[in-house]
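The block underneath contains the structure these notes are about, expressed in structure tokens.
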Amino acid sequence: MKPKVGFFDFTGCEGCQLTVLNLERELLDLVELMEIVEFREISSDQGEALDIAFVEGSICSSAEIRRLKAIRARSRQLFALGACADTTGINALCTDRTSEQLVGEVYGTAVGHLRYRHPRPLEAFVKVDGRVPGCPIDGREFLAILQSLLIDRMPELPTYAVCAECKLLELPCTFERGVVCLGPLTRAGCDAHCIAEGDRCRGCRGQVDAPRSGPYYRILEEHGLSEEDILNELRIFNLSGEKRG
Amino acid sequence: MTQALIAKTKLADLVSFLASCGKVVGPVPLGHGQFKFAEVSSLAEMALDYIPTILPPKKYFMPQYETLLRYDGADGQQMQAVVEVEELVLFGVHTCDLAGIQCLNVVFSDRPRDLHYMIRKNHITLIGLECSDYCDGFASCAMLRNHLPKGGYDLFFSELSDGYFVDIKTHKGEQLVEESGLFEPVSDAAREQLQELRRSKKQIFRSEVPIRYQDIPRLFDETFDSDVWTRIGEKCLSCGNCTNVCPTCY
């Protein structure tokens with residue numbers, strides 16, 4: 001029997017689900033191997049028990065917590081899909097204000113019924129079996145992770161930094177052109193996509209297991225960054241730190 | 001013939017000839033003062049006065065990804081060893097990288113031999129290029145005496161005033177010289193120019209670190225517990241790139 005797979009979204013831009021749908025060449029082969037029983041972006045079907053749930057987005061309200069727990073309860077395995085679900089991603093940028101301030105700034109005072117909590121990753125509320133990092137996720141990495149799951153193996157994420165992938169592609173280091181890059185701290189797996197396209201790494205995949213922050217900050221300081229500048233770099237995607245609550 | 005000459009005006013024709021026979025790889029500029037070995041079809045694409053490339057030419061001897069084994073689960077797990085190999089000419093390899101390849105040859109031909117490496121190596125033609133001066137201020141080739149050719153190539157080019165002195169080391173190199181029809185016999189004047197180049201290099205290339213070559217292994221042994229390694233370790237980002245970019249690490 002084909003494994004039953006569901007895709008779910010919470011607070012986020014849904015770009016990670018879209019990345020899955022953009023795998024047009026592979027999608028038809030994939031549905032031969034699994035049964036997609038829930039995927040709101042393409043179907044109104046709703047399933048019951050699931051083998052694998054891919055969950056996108058951060059958790060921002062009591063209703064979202066309840067819905068997430070219900071998905072967890074009927075899923076054999078639950079995977080965080082993308083940075084918002086995995087580390088809170090850029091959603092965490094709002095944590096410098098209170099939730100009342102945020103609601104007030106965005107919706108004004110007239111909608112007092114909105115009950116908003118600071119966004120948190122899935123892991124703050126339920127057991128997460130694995131994750132597909134990135135903002136958005138990398139389609140090839142998603143396929144590799146799915147392939148592992150379909151043959152009942154636990155997928156493994158790279159333990160090395162983006163820096164290593166970048167070097168293997170022989171991309172000139174962004175520091176050579178005076179541009180700060182989070183590649184030395186950030187978990188690989190994206191094939192240094194942003195640097196290959198002329199940008200720099202902003203750390204969307206989260207940090208490697210044991211980042212060597214000290215020596216890295218010294219390099220940033222040598223490039224003229226203040227402590228606040230360094231924190232601002234890290235805040236873009238790596239603010240969270242809050243897991244189980 | 002163990003030596004030959006080629007006029008500078010014919011170097012572009014030589015690269016075109018090589019490219020017409022198969023894949024040619026040479027140093028190409030990436031901007032920001034960086035270079036990499038990449039496929040070329042003409043001399044104009046290359047920068048022969050390059051500093052060491054981001055990755056050394058070992059990437060052609062040990063590709064980052066290669067198929068070692070093919071199997072078909074449907075057919076009783078039938079397995080077949082595979083060697084993915086292509087004919088390749090590596091053009092313009094400096095003596096530092098040639099020394100690196102020679103180290104790898106020693107390691108991988110030792111038992112247990114790495115058959116994939118050994119087979120691939122036989123399909124690579126190495127054309128070396130001598131440095132007349134330092135490529136940059138970070139080189140330490142003279143300390144390890146690798147600023148001079150020590151073999152490990154099929155052909156080796158040393159720049160003279162209007163041509164290149166070519167040392168022919170292998171049968172493959174000799175065939176290439178003959179088939180291209182672009183080389184000429186060495187003249188006494190060319191020999192004299194080569195000697196002049198080597199004399200001038202003796203003045204330019206001095207051991208960059210004030211130690212004796214023969215002391216290096218002993219110094220490493222004796223300083224194993226030195227604080228210097230802690231100080232260097234404190235700067236380490238643990239990115240693993242030292243291994244990636246090293247001409248001999250694998």
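Going by the structure tokens order, chains are called A, B, ..., each with residues numbered from 1, while ligands are numbered from 1 in the order shown.
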Would you mind listing, for every residue of chain A within 7 Å of chain B, the two atoms forming the shortest contact and the distance between them in Å to one decimal, using only C-alpha atoms, sorted by chain and ascending residue number, as a tab-separated table?
```
residue	atom	partner	partner_atom	distance
A:Tyr160	CA	B:Cys239	CA	6.6
A:Ala161	CA	B:Cys239	CA	5.9
A:Cys163	CA	B:Cys239	CA	6.3
A:Ala164	CA	B:Asn241	CA	5.6
A:Lys167	CA	B:Asn241	CA	6.9
A:Glu170	CA	B:Ile54	CA	5.7
A:Pro172	CA	B:Gln34	CA	6.3
A:Glu176	CA	B:His32	CA	6.5
A:Arg177	CA	B:His32	CA	6.7
A:Pro184	CA	B:Cys239	CA	6.3
A:Arg212	CA	B:Leu237	CA	5.3
A:Pro215	CA	B:Lys235	CA	5.1
A:Tyr216	CA	B:Leu237	CA	6.4
```
Can you tell me which residues surround A:Cys94 at a distance of at most 12 Å, considering only C-alpha atoms, apart from same-chain residues fewer than 6 positions away, and format the answer as an MDAnalysis selection string? chainID A and resid 60 88 100:103 105:106 116:120 235:237 239:240
Generate a file of the selected residues that holds N, CA and C atoms, formatted as a compact mmCIF listing (two decimals), in the first residue's frame.
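Dumped everything to part26.txt:
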```txt
# COMPACT_ATOMS: atom_id res chain seq x y z
N CYS A 60 1.06 30.55 15.49
CA CYS A 60 0.84 31.92 15.99
C CYS A 60 -0.45 32.11 16.78
N THR A 88 11.22 29.07 12.94
CA THR A 88 10.38 30.28 12.95
C THR A 88 10.74 31.24 11.82
N GLU A 100 0.37 42.61 21.43
CA GLU A 100 -0.63 43.69 21.35
C GLU A 100 -0.15 44.79 20.41
N GLN A 101 1.14 45.15 20.55
CA GLN A 101 1.70 46.18 19.67
C GLN A 101 1.58 45.76 18.21
N LEU A 102 1.92 44.50 17.94
CA LEU A 102 1.91 44.01 16.56
C LEU A 102 0.51 44.06 15.97
N VAL A 103 -0.46 43.54 16.72
CA VAL A 103 -1.84 43.54 16.23
C VAL A 103 -2.28 44.98 15.99
N GLU A 105 -0.41 47.62 15.31
CA GLU A 105 0.28 48.23 14.17
C GLU A 105 -0.31 47.77 12.85
N VAL A 106 -0.66 46.49 12.77
CA VAL A 106 -1.10 45.93 11.49
C VAL A 106 -2.60 46.14 11.28
N TYR A 116 -3.46 36.97 19.09
CA TYR A 116 -2.23 36.64 18.37
C TYR A 116 -1.12 36.32 19.36
N ARG A 117 -0.36 35.26 19.07
CA ARG A 117 0.80 34.94 19.92
C ARG A 117 2.05 35.12 19.08
N HIS A 118 3.15 35.30 19.72
CA HIS A 118 4.40 35.36 18.96
C HIS A 118 4.62 34.05 18.23
N PRO A 119 5.07 34.13 17.00
CA PRO A 119 5.25 32.90 16.22
C PRO A 119 6.31 31.99 16.83
N ARG A 120 6.04 30.71 16.77
CA ARG A 120 7.02 29.75 17.28
C ARG A 120 7.11 28.57 16.33
N ARG A 235 19.78 38.05 12.96
CA ARG A 235 18.35 38.16 13.25
C ARG A 235 17.49 37.78 12.06
N ILE A 236 18.01 37.97 10.85
CA ILE A 236 17.16 37.78 9.67
C ILE A 236 16.48 36.41 9.72
N PHE A 237 17.25 35.39 10.01
CA PHE A 237 16.68 34.04 10.00
C PHE A 237 16.96 33.23 11.26
N LEU A 239 16.84 34.08 14.73
CA LEU A 239 16.52 34.74 15.99
C LEU A 239 16.01 33.76 17.04
N SER A 240 15.23 32.84 16.59
CA SER A 240 14.41 31.99 17.43
C SER A 240 15.07 31.52 18.72
```
Find the residues near stretch 65-77 of chain A: any atom within 10 Å, counting only C-alpha atoms, skip ones fewer than 4 places away on the same chain, and give them as a list in words. Lys4, Val5, Gly6, Phe8, Asp9, Phe10, Gly47, Glu48, Ala49, Leu50, Asp51, Ile52, Ala53, Phe54, Val55, Ser58, Ile59, Cys60, Ser61, Leu122, Ala124, Phe125, Val126, Lys127, Val128, Asp129, Gly130 and Leu149 of chain A
May I ask which of the residues B:Cys96, B:Met143, B:Tyr134, B:Asn105 is the closest one to B:Lys201, counting only C-alpha atoms?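 Comparing B:Cys96, B:Met143, B:Tyr134, B:Asn105 against B:Lys201, the winner is B:Tyr134.
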Name all residues at most 10 Å from B:Tyr164 (count only C-alpha atoms; drop same-chain ones fewer than 2 positions away) and give them as a PyMOL selection string. chain B and resi 4-8+10-11+129-130+156-162+166-167+183+186+190+194
Option closest in space to A:Thr87, from A:Pro3, A:Pro155, A:Pro211, A:Gly206 [counting only C-alpha atoms]: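 Selected residue with least distance to A:Thr87: A:Gly206.
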Just want the 10 Å neighbourhood of B:Leu148, counted on only C-alpha atoms, with same-chain residues fewer than 4 positions away dropped. Output as number ranges by chain. B: 94-96, 99, 130-132, 141-142, 144, 198, 201-202, 205
Based on the backbone DSSP call, show me all residues of stretch 117-245 of chain B assigned strand (DSSP E), as a PyMOL selection string. chain B and resi 124-129+155-159+163-168
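Excluding A:Arg131 and any residue on its chain fewer than 4 positions from it, the residues at most 8 Å away by only C-alpha atoms are Phe79, Ala80, Leu81, Gly82 and Asp86 of chain A.
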May I ask which of the residues A:Leu168, A:Leu185, A:Val37, A:Pro133 is the closest one to B:Cys246, counting only C-alpha atoms? A:Leu168
Per-residue DSSP, stretch 36-240 of chain B, filtered to alpha helix (DSSP H), as an NGL selection string: :B and (58-61 or 95-109 or 115-121 or 171-180 or 188-204 or 216-222 or 227-234)
Expressed in Å to a single decimal, how great is the separation between atom CA of A:Leu146 and atom CA of A:Leu30?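 Answer for the atom CA of A:Leu146 to atom CA of A:Leu30 separation: 9.3 Å.
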Hey, what's within 9 Å of A:Tyr217 if we count only C-alpha atoms and toss same-chain stuff fewer than 6 positions away? As a list in words, please?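 My list of contacting residues is Leu225, Glu227 and Ile230 of chain A.
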How many Å lie between atom CA of B:Cys249 and atom CA of A:Thr159, rounded to one decimal?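 Distance reported for this atom pair: 19.6 Å.
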